[in-house]
Amino acid sequence: MARTRRNVLLDAAHGFGAIALQSLLAREGKAAPRVNPLAAKPPHFPAKAKSVIFLFMVGAPSQIDTFDPKPGLKKYEGQRLPESYGKIQSQFTDGSTPLLSSPWAFQQHGQSGAWVSTLMPNLARCVDDLCFVRSFHTDSVVHAPAMYHVHSGRILMGYPSLGAWVTYGLGTESDNLPAYVVLPQPEGTPEGGTPCWGAGFLPAVHQGTVLRPGATPILNLKPPPGVTQQRQRATLDLLQKMNDLDTDPTDSEMGARIASYELAFRMQRYAPEAVDVSKEPEHIRKLYGLDQKRTADFGSRCLLARRMVERGVRFVQLYSGGGPVSTQWDAHKDLVENHEKMCGMTDQPIAALLTDLKQRGLLDSTLVIWGSEFGRLPMSQSGNGRDHNPHGFTMWFAGGGVKAGRTIGSTDEFGLRAQDDPYSMRDFHATILHLLGLDQNQLWYLHNGRQEKLTDFGGNVIQRVVA
Amino acid sequence: MKLWAFLAAAGLLAAAEYHGDTDKDRARILARRNWWSFQKVVRPDPPKLNSPWVRTPIDAFLLEALQAKSLKPSPEESKLRLLRRVTLDVTGLPPKPEEAAAFLNDKRADAYERLVDRLMATTQYGERWAQRWLDVARYADTNGFEHDLERTHAWRYRDYVVRSFNSGKPYDVFLKEQIAGDEIWPGQPDPLIAVGFNRAGPEHLTGGNQDVELNRQEVLVEMTAGVSNVFLGLTMNCARCHNHKFDPILQTDYYRLQAVFGGTEGKEVPLATAEEKARYDAARKAYEARLKPVQDEITAIEKPYKEAIIAERRAKLDPAVQALLDVPKDKLSEADREKQKNAKDQITPSWDEVLARVPKPELERRSGLRRQLHAIELDEPSPPAAAYAVVNREKPEDTNVLKVGDHRMKLGTVPPGLPLVLTANTAKPVPLEAAGRRTVLAEWLAQPEHPLTARVMVNRIWQFRMGRGIVGTPNDFGVMGERPTNPKLLDWLAAEFVSSGWSIKAIDRLILTSSAYRQASARDAAREAVDPENKLYWRMNRRRLEGEAIRDSVLSVSGMLNLEVGGPPIRVPIEKEVYDSIFTEYENDNLWPLPKDRAQIYRRSLYLLNKRTVRLPMLANFDQPDAMTSCAYRPVSTHALQALSLINSDFMAEQSAAFAKRVEQAGPAVPVRIQRAYQLALARPPKPAENTMAQDFFTKGGTLQEFCLALLNRNEFIYIP
């Protein structure tokens with residue numbers, strides 16, 4: 001599917017403005033090539049991963065109920081955290097509430113013997129493709145700042161998000177779709193809101209574009225009612241002819257403007273097709289759980305994510321959760337009801353995504369990440385829930401360049417703090433960039449006199465995640 | 001545990017004064033006092049050149065630099081393009097056909113100067129400037145972060161900025177008002193509103209346990225960054241974690257500057273009279289009386305279903321816990337009180353769980369009531385006027401140097417002070433009490449001899465009008481910033497600025513009337529080979545309009561623009577996709593109430609609600625900054641989403657229809673309509689080729705509205721020539 005900039009222009013040239021575009025081609029390499037600011041760029045060094053699907057669980061799943069078993073907690077059930085652990089201040093609790101063991105059983109799975117609880121029976125079958133890191137920690141105990149941290153490297157708003165940095169570094173392989181797409185929960189947005197996929201101070205071209213299923217997947221994709229495609233074509237042709245009158249053919253900025261209208265026009269044709277999962281064969285729809293009420297929504301977003309990377313989209317940010325507390329992973333009370341619901345919605349689709357990418361040979365070139373803004377405490381809240389835990393939590397990687405079937409790092413005996421090999425969000429980001437062939441220190445942007453980087457003072461690539 | 005952490009935990013570090021800087025550190029800083037932008041401005045004489053091109057001293061400096069490279073300036077721009085340029089530039093709106101006619105017919109030698117004076121006297125002059133200044137001040141109407149609540153009174157600062165530019169307020173006063181207006185002019189409303197500058201940036205306000213020190217540190221970081229980026233033109237904030245890597249700024253310099261704000265905190269200071277307040281209280285009471293019956297009815301609908309859920313959940317609890325639920329709190333042991341609280345949490349349903357139980361007919365009745373409620377809410381009385389200001393606390397807090405900027409790692413206290421490198425022998429002590437710290441900072445900055453203040457501001461004016469600063473990095477005059485392309489010109493402008501009484505308008509007018517500004521913007525291969533980035537200004541820079549100016553221009557051409565000035569921010573209709581991106585955990589049926597008076601939605605973009613987490617696509621797609629950090633210049637990116645908003649959005653459909661209606665009034669004949677459309681959109685007649693194109697378009701079935709839409713999408717419409 002990879003297409004070069006030349007192809008893009010030639011394709012555009014079949015439509016209108018052929019003369020201007022041909023002249024752009026003729027001088028290609030001479031003037032600054034600003035026609036497509038998202039033209040694919042080579043990575044800093046060769047890498048397997050070409051695109052990313054970041055599965056983000058909004059509100060924070062509990063590590064000790066999913067991937068990080070703490071059988072020892074049973075012994076302390078109902079007791080307070082030993083004083084030697086110091087004072088734990090979470091957002092709503094102060095560490096004095098009783099410890100609560102996991103209501104779910106854990107088992108080892110696959111060749112690798114990775115532990116997964118009964119909450120995720122389908123994912124459990126994929127563990128040999130996954131690399132678990134059980135020892136991430138983050139800087140804020142509050143959702144929004146912690147979301148900004150995991151998305152953009154700072155607990156503050158206004159910094160470019162991971163997807164923005166990646167498209168800034170690599171451009172895109174897709175001519176007909178946005179480079180960086182966002183698939184939110186239909187019930188609502190994550191607490192951090194749109195800055196989670198913002199471009200920060202990078203040019204707006206690097207912002208994430210929200211994609212929705214249906215006839216108008218992108219905002220303002222379709223002309224207003226009553227305007228046919230032919231009519232719009234005629235209007236754009238007129239616009240083009242008028243612009244040609246006073247456009248210097250060597251003017252790359254104006255060339256970019258002309259090309260942007262062509263890409264917009266092509267998007268109208270290709271984007272609805274790209275999001276149309278109805279044409280997928282029955283067995284695929286079933287695989288993703290599109291035939292069941294519980295999994296249909298998240299499943300269709302996972303299927304969309306696959307269709308996006310198939311079409312050369314560079315970065316897919318996919319959310320489970322958003323809006324009302326009942327559609328988030330934020331189990332302050334009734335952990336059982338919340339996690340059974342959220343896992344029920346996502347377990348089969350995520351397993352399907354991994355299986356499907358693999359059977360199409362796309363898993364080798366796609367980096368899949370599962371994670372959240374933090375984890376949850378081993379102590380209870382409201383008797384049967386858990387408050388936020390930024391001190392130690394699990395995320396996993398799969399696909400392009402990832403060492404599959406491995407579990408790295410650990411938390412303490414309660415699952416409270418990262419213990420062996422603790423990793424920061426900077427390490428997390430450095431690793432993702434590395435897997436894409438990007439050097440965290442070479443990827444910078446000068447803003448207000450400072451070379452801003454995703455990892456700021458620098459993180460360490462988690463070498464054991466890398467195959 | 002590391003030593004500092006141990007000491008900090010033991011409370012041993014916080015009180016001690018920091019003495020981490022050695023004499024060597026200080027000597028190293030002072031040795032670098034020779035950096036160009038730290039030198040006093042010495043007014044250079046403009047070169048004496050005998051050329052008719054030299055209209056202003058600016059032109060003399062530029063021509064000298066051009067001649068040194070054997071370059072010639074470009075010829076003067078055509079009258080009509082010049083009119084379009086200067087009108088868009090000064091007002092942010094395109095020229096009207098009658099303005100074009102008047103300018104073309106004005107054969108006086110100083111017709112252009114008269115035009116500039118007329119434009120600079122309009123209210124739109126200050127609005128245009130305010131848009132630019134608010135970028136630098138990172139102003140928005142909301143706090144940011146998850147709740148992103150509206151700052152009810154913040155807009156008064158925006159209006160203050162408009163007023164200040166329009167009234168020709170001297171820049172030293174403008175600066176002093178914004179940093180320390182409350183201290184220097186106590187009791188006066190405008191300076192009190194002006195200090196809103198110090199809290200224009202984002203602020204994280206949320207519920208639950210708070211790390212008070214972290215929140216406070218974030219506020220102080222914001223205040224310090226504001227002053228240093230905006231007025232000082234230095235990246236002081238780089239020294240928050242360590243001595244500045246490039247500039248001669250110590251980490252202690254940063255924290256001493258932060259300490260200037262150590263007694264400062266945000267506060268809404270009432271401006272209303274007792275009578276106004278009483279009037280508001282009465283209006284509020286009447287308003288709440290209107291809400292109550294509707295709210296009660298809604299609660300009554302929900303009640304049985306809410307109670308049913310509670311009863312079901314209660315029945316599932318352990319009987320012992322159930323029994324606890326009915327016992328009064330004060331009769332319970334501490335352990336049982338905790339159990340009771342937990343049980344209450346567990347059985348209380350969320351709003352959506354309740355609504356899921358309400359049967360459809362009642363749900364519909366409830367929706368109707370909610371609509372009634374929201375209609376009443378549009379009449380909510382405006383709160384009595386207040387300034388979104390800062391004030392001084394009784395006692396300042398200690399300011400600590402923080403290891404890597406982490407508030408938990410205190411290395412010792414520092415007194416308030418000004419950057420060593422700039423004040424080595426001249427430092428005026430900053431008072432230790434809270435009051436007066438900011439005054440010293442403001443007065444130090446506003447000294448005529450300050451090497452940075454005037455240079456930084458004239459460079460902003462220059463960048464605004466010429467498209468590129470003499471220093472290409474207007475927020476950074478340090479080592480990582482660019483060097484001035486024409487240092488003598490920069491210094492002459494700075495000196496002239498101060499001797500004009502810090503008059504922004506004087507410098508602005510000088511630039512707008514220069515030959516340099518009047519040059520054609522056309523490209524030229526030969527000159528481009530010598531100076532590809534046009535650093536010598538051999539031509540005028542073409543500039544793309546900001547999203548705000550595009551929207552305003554479209555409204556102006558359609559005839560729908562509402563030029564009302566000032567007031568609380570306005571919400572305009574947004575697409576469903578944008579609405580859905582607003583975060584809430586609650587019912588999302590009224591997150592974006594539109595104004596009752598529909599004419600309000602056609603106000604200038606400056607007055608639209610600038611909500612940090614909800615950006616309007618048409619503005620954001622054209623690189624509108626997100627108001628998180630000071631934005632000295634906007635990047636210009638070009639991409640397909642811009643095209644989509646400009647050809648397909650509801651706004652453009654409505655506006656192109658209104659534009660077409662306006663054109664129709666010119667008469668039924670096609671050539672007349674083409675003529676009128678060109679005049680309205682581009683303030684010029686169509687060329688013969690354009691006439692033919694338009695005729696051809698209509699012959700093949702094109703509609704007037706489509707034609708109008710195409711005109712509004714033209715490069716010529718979107719760019720300042």
# chains A, B, ... in the order shown; residues from 1 in each chain; ligands from 1
>>> residues_around(residues="B:Tyr305", least_positions_apart="4", cutoff="10 Å", atoms="only C-alpha atoms", output="list of chain:residue names")
B:Ala300, B:Ile301, B:Ile309, B:Ile310, B:Ala311, B:Pro349, B:Glu353, B:Val354, B:Leu355, B:Ala356, B:Arg357, B:Val358, B:Pro359
>>> write_last_selection(atoms="N, CA and C atoms", output="mmCIF file, in the first residue's frame")
data_model
loop_
_atom_site.group_PDB
_atom_site.id
_atom_site.type_symbol
_atom_site.label_atom_id
_atom_site.label_comp_id
_atom_site.auth_asym_id
_atom_site.auth_seq_id
_atom_site.Cartn_x
_atom_site.Cartn_y
_atom_site.Cartn_z
ATOM 1 N N ALA B 300 -38.710 14.506 40.876
ATOM 2 C CA ALA B 300 -39.859 13.650 41.188
ATOM 3 C C ALA B 300 -39.958 12.472 40.204
ATOM 4 N N ILE B 301 -39.642 12.742 38.944
ATOM 5 C CA ILE B 301 -39.662 11.653 37.952
ATOM 6 C C ILE B 301 -38.641 10.593 38.322
ATOM 7 N N ILE B 309 -33.570 1.209 42.911
ATOM 8 C CA ILE B 309 -32.202 0.675 42.792
ATOM 9 C C ILE B 309 -31.565 0.586 44.175
ATOM 10 N N ILE B 310 -31.739 1.632 44.958
ATOM 11 C CA ILE B 310 -31.144 1.640 46.297
ATOM 12 C C ILE B 310 -31.699 0.479 47.131
ATOM 13 N N ALA B 311 -33.011 0.269 47.031
ATOM 14 C CA ALA B 311 -33.625 -0.810 47.804
ATOM 15 C C ALA B 311 -33.076 -2.171 47.377
ATOM 16 N N PRO B 349 -26.838 4.903 43.214
ATOM 17 C CA PRO B 349 -26.624 4.746 41.765
ATOM 18 C C PRO B 349 -26.133 6.050 41.131
ATOM 19 N N GLU B 353 -27.305 5.329 35.642
ATOM 20 C CA GLU B 353 -27.956 4.088 36.082
ATOM 21 C C GLU B 353 -29.430 4.337 36.395
ATOM 22 N N VAL B 354 -29.718 5.498 36.962
ATOM 23 C CA VAL B 354 -31.120 5.836 37.243
ATOM 24 C C VAL B 354 -31.886 6.012 35.939
ATOM 25 N N LEU B 355 -31.315 6.788 35.038
ATOM 26 C CA LEU B 355 -32.028 7.070 33.781
ATOM 27 C C LEU B 355 -32.290 5.804 32.980
ATOM 28 N N ALA B 356 -31.392 4.836 33.111
ATOM 29 C CA ALA B 356 -31.571 3.585 32.377
ATOM 30 C C ALA B 356 -32.850 2.866 32.824
ATOM 31 N N ARG B 357 -33.335 3.191 34.017
ATOM 32 C CA ARG B 357 -34.539 2.543 34.538
ATOM 33 C C ARG B 357 -35.831 3.284 34.161
ATOM 34 N N VAL B 358 -35.704 4.575 33.877
ATOM 35 C CA VAL B 358 -36.908 5.379 33.644
ATOM 36 C C VAL B 358 -37.551 4.970 32.311
ATOM 37 N N PRO B 359 -38.852 4.627 32.330
ATOM 38 C CA PRO B 359 -39.503 4.205 31.077
ATOM 39 C C PRO B 359 -39.569 5.349 30.070
#
>>> select_by_dssp(residues="stretch 301-367 of chain B", states="alpha helix (DSSP H)", output="short mmCIF file (atom, residue, chain, number, x, y, z; two decimals) with C-alpha atoms, in the first residue's frame")
data_model
loop_
_atom_site.label_atom_id
_atom_site.label_comp_id
_atom_site.auth_asym_id
_atom_site.auth_seq_id
_atom_site.Cartn_x
_atom_site.Cartn_y
_atom_site.Cartn_z
CA ILE B 301 -39.66 11.65 37.95
CA GLU B 302 -36.35 10.10 38.94
CA LYS B 303 -37.18 9.45 42.58
CA PRO B 304 -39.05 6.12 42.44
CA TYR B 305 -36.46 4.57 40.12
CA LYS B 306 -33.55 5.80 42.17
CA GLU B 307 -35.17 4.48 45.32
CA ALA B 308 -35.88 1.13 43.68
CA ILE B 309 -32.20 0.68 42.79
CA ILE B 310 -31.14 1.64 46.30
CA ALA B 311 -33.62 -0.81 47.80
CA GLU B 312 -32.43 -3.65 45.56
CA ARG B 313 -28.80 -2.98 46.31
CA ARG B 314 -29.48 -2.60 49.96
CA ALA B 315 -31.21 -5.95 50.08
CA LYS B 316 -28.08 -7.57 48.70
CA PRO B 319 -27.85 -7.89 57.02
CA ALA B 320 -25.52 -6.49 59.66
CA VAL B 321 -24.40 -3.75 57.26
CA GLN B 322 -28.02 -3.07 56.27
CA ALA B 323 -28.86 -2.46 59.89
CA LEU B 324 -25.99 0.00 60.16
CA LEU B 325 -27.42 2.13 57.39
CA GLU B 334 -15.45 4.84 63.90
CA ALA B 335 -15.16 1.44 62.21
CA ASP B 336 -18.93 1.23 61.72
CA ARG B 337 -19.07 4.75 60.43
CA GLU B 338 -16.59 3.73 57.74
CA LYS B 339 -18.74 0.68 56.95
CA GLN B 340 -21.83 2.85 56.74
CA LYS B 341 -20.13 5.27 54.39
CA ASN B 342 -18.93 2.45 52.18
CA ALA B 343 -22.39 0.91 52.12
CA LYS B 344 -23.94 4.23 51.17
CA ASP B 345 -21.41 4.64 48.35
CA GLN B 346 -22.14 1.14 47.14
CA ILE B 347 -25.92 1.46 47.00
CA TRP B 351 -27.29 9.40 37.19
CA ASP B 352 -27.06 7.21 34.12
CA GLU B 353 -27.96 4.09 36.08
CA VAL B 354 -31.12 5.84 37.24
CA LEU B 355 -32.03 7.07 33.78
CA LYS B 360 -39.56 5.92 27.71
CA PRO B 361 -42.64 8.14 28.05
CA GLU B 362 -41.39 9.54 31.31
CA LEU B 363 -37.91 9.89 29.94
CA GLU B 364 -39.34 11.99 27.14
CA ARG B 365 -41.26 14.14 29.58
CA ARG B 366 -38.03 14.53 31.51
CA SER B 367 -36.15 15.61 28.36
#
>>> residues_around(residues="A:Gln91", least_positions_apart="6", cutoff="7 Å", atoms="only C-alpha atoms", output="VMD selection string")
(chain A and resid 141 to 142 388) or (chain B and resid 208 to 209)
>>> residues_around(residues="A:Pro190", least_positions_apart="3", cutoff="9 Å", atoms="only C-alpha atoms", output="PyMOL selection string")
(chain A and resi 58-59+143-144+147+184-185+193-194+196+319+321-323+328) or (chain B and resi 146+581+583-584)
>>> residues_around(residues="B:Pro191", least_positions_apart="3", cutoff="7 Å", atoms="only C-alpha atoms", output="mmCIF file with C-alpha atoms, in the first residue's frame")
data_model
loop_
_atom_site.group_PDB
_atom_site.id
_atom_site.type_symbol
_atom_site.label_atom_id
_atom_site.label_comp_id
_atom_site.auth_asym_id
_atom_site.auth_seq_id
_atom_site.Cartn_x
_atom_site.Cartn_y
_atom_site.Cartn_z
ATOM 1 C CA GLU B 177 -0.261 47.503 34.783
ATOM 2 C CA GLN B 178 -0.070 43.862 33.779
ATOM 3 C CA GLY B 181 -1.200 47.178 38.446
ATOM 4 C CA ASP B 182 -2.810 46.235 41.752
ATOM 5 C CA TRP B 185 -2.463 51.937 41.135
ATOM 6 C CA GLN B 188 -8.283 51.495 40.148
ATOM 7 C CA ALA B 194 -4.638 44.103 33.870
ATOM 8 C CA VAL B 195 -2.880 41.909 36.450
#
>>> select_by_dssp(residues="stretch 61-133 of chain A", states="strand (DSSP E)", output="list in words")
Phe106, Gln107, Gln108, His109, Ala114, Trp115, Val116, Ser117, Leu130, Cys131, Phe132 and Val133 of chain A
>>> residues_around(residues="stretch 474-490 of chain B", least_positions_apart="5", cutoff="7 Å", atoms="only C-alpha atoms", output="PyMOL selection string")
(chain A and resi 448-449) or (chain B and resi 37+44+58+61+229-230+233-235+246-247+455-456+459-460+469+535+632)
>>> residues_around(residues="A:Ser101", least_positions_apart="4", cutoff="10 Å", atoms="only C-alpha atoms", output="PDB file with N, CA and C atoms, in the first residue's frame")
ATOM      1  N   ILE A  64      -3.489  -5.576  39.467  1.00  0.00           N
ATOM      2  CA  ILE A  64      -3.484  -6.771  40.322  1.00  0.00           C
ATOM      3  C   ILE A  64      -4.713  -7.642  40.099  1.00  0.00           C
ATOM      4  N   ASP A  65      -5.620  -7.198  39.218  1.00  0.00           N
ATOM      5  CA  ASP A  65      -6.771  -8.023  38.882  1.00  0.00           C
ATOM      6  C   ASP A  65      -6.714  -8.520  37.439  1.00  0.00           C
ATOM      7  N   PRO A  69      -0.555 -10.917  39.307  1.00  0.00           N
ATOM      8  CA  PRO A  69      -1.207 -11.589  40.442  1.00  0.00           C
ATOM      9  C   PRO A  69      -0.453 -11.355  41.752  1.00  0.00           C
ATOM     10  N   LYS A  70      -1.209 -11.163  42.814  1.00  0.00           N
ATOM     11  CA  LYS A  70      -0.615 -10.977  44.143  1.00  0.00           C
ATOM     12  C   LYS A  70      -1.330 -11.914  45.123  1.00  0.00           C
ATOM     13  N   PRO A  71      -1.034 -13.215  45.024  1.00  0.00           N
ATOM     14  CA  PRO A  71      -1.726 -14.169  45.893  1.00  0.00           C
ATOM     15  C   PRO A  71      -1.513 -13.847  47.376  1.00  0.00           C
ATOM     16  N   GLY A  72      -0.388 -13.205  47.684  1.00  0.00           N
ATOM     17  CA  GLY A  72      -0.088 -12.871  49.070  1.00  0.00           C
ATOM     18  C   GLY A  72      -1.110 -11.941  49.706  1.00  0.00           C
ATOM     19  N   LEU A  73      -1.836 -11.184  48.853  1.00  0.00           N
ATOM     20  CA  LEU A  73      -2.818 -10.236  49.374  1.00  0.00           C
ATOM     21  C   LEU A  73      -3.915 -10.910  50.193  1.00  0.00           C
ATOM     22  N   LYS A  74      -4.228 -12.141  49.817  1.00  0.00           N
ATOM     23  CA  LYS A  74      -5.292 -12.899  50.517  1.00  0.00           C
ATOM     24  C   LYS A  74      -5.037 -12.912  52.026  1.00  0.00           C
ATOM     25  N   LYS A  75      -3.766 -13.121  52.350  1.00  0.00           N
ATOM     26  CA  LYS A  75      -3.372 -13.245  53.745  1.00  0.00           C
ATOM     27  C   LYS A  75      -3.667 -11.956  54.529  1.00  0.00           C
ATOM     28  N   TYR A  76      -3.602 -10.823  53.817  1.00  0.00           N
ATOM     29  CA  TYR A  76      -3.757  -9.528  54.485  1.00  0.00           C
ATOM     30  C   TYR A  76      -5.165  -8.953  54.309  1.00  0.00           C
ATOM     31  N   GLU A  77      -6.033  -9.733  53.700  1.00  0.00           N
ATOM     32  CA  GLU A  77      -7.396  -9.263  53.390  1.00  0.00           C
ATOM     33  C   GLU A  77      -7.986  -8.496  54.580  1.00  0.00           C
ATOM     34  N   GLY A  78      -8.473  -7.308  54.318  1.00  0.00           N
ATOM     35  CA  GLY A  78      -9.138  -6.552  55.380  1.00  0.00           C
ATOM     36  C   GLY A  78      -8.196  -5.814  56.317  1.00  0.00           C
ATOM     37  N   PRO A 378      -3.958  -1.639  45.820  1.00  0.00           N
ATOM     38  CA  PRO A 378      -4.363  -2.892  46.463  1.00  0.00           C
ATOM     39  C   PRO A 378      -5.329  -2.655  47.627  1.00  0.00           C
ATOM     40  N   MET A 379      -5.374  -1.415  48.139  1.00  0.00           N
ATOM     41  CA  MET A 379      -6.335  -1.112  49.196  1.00  0.00           C
ATOM     42  C   MET A 379      -7.687  -0.820  48.555  1.00  0.00           C
ATOM     43  N   SER A 380      -8.734  -0.925  49.349  1.00  0.00           N
ATOM     44  CA  SER A 380     -10.072  -0.741  48.791  1.00  0.00           C
ATOM     45  C   SER A 380     -10.523   0.707  48.916  1.00  0.00           C
ATOM     46  N   PHE A 414       2.384  -6.395  47.435  1.00  0.00           N
ATOM     47  CA  PHE A 414       0.977  -5.997  47.372  1.00  0.00           C
ATOM     48  C   PHE A 414       0.566  -5.500  45.983  1.00  0.00           C
TER      49      PHE A 414
END
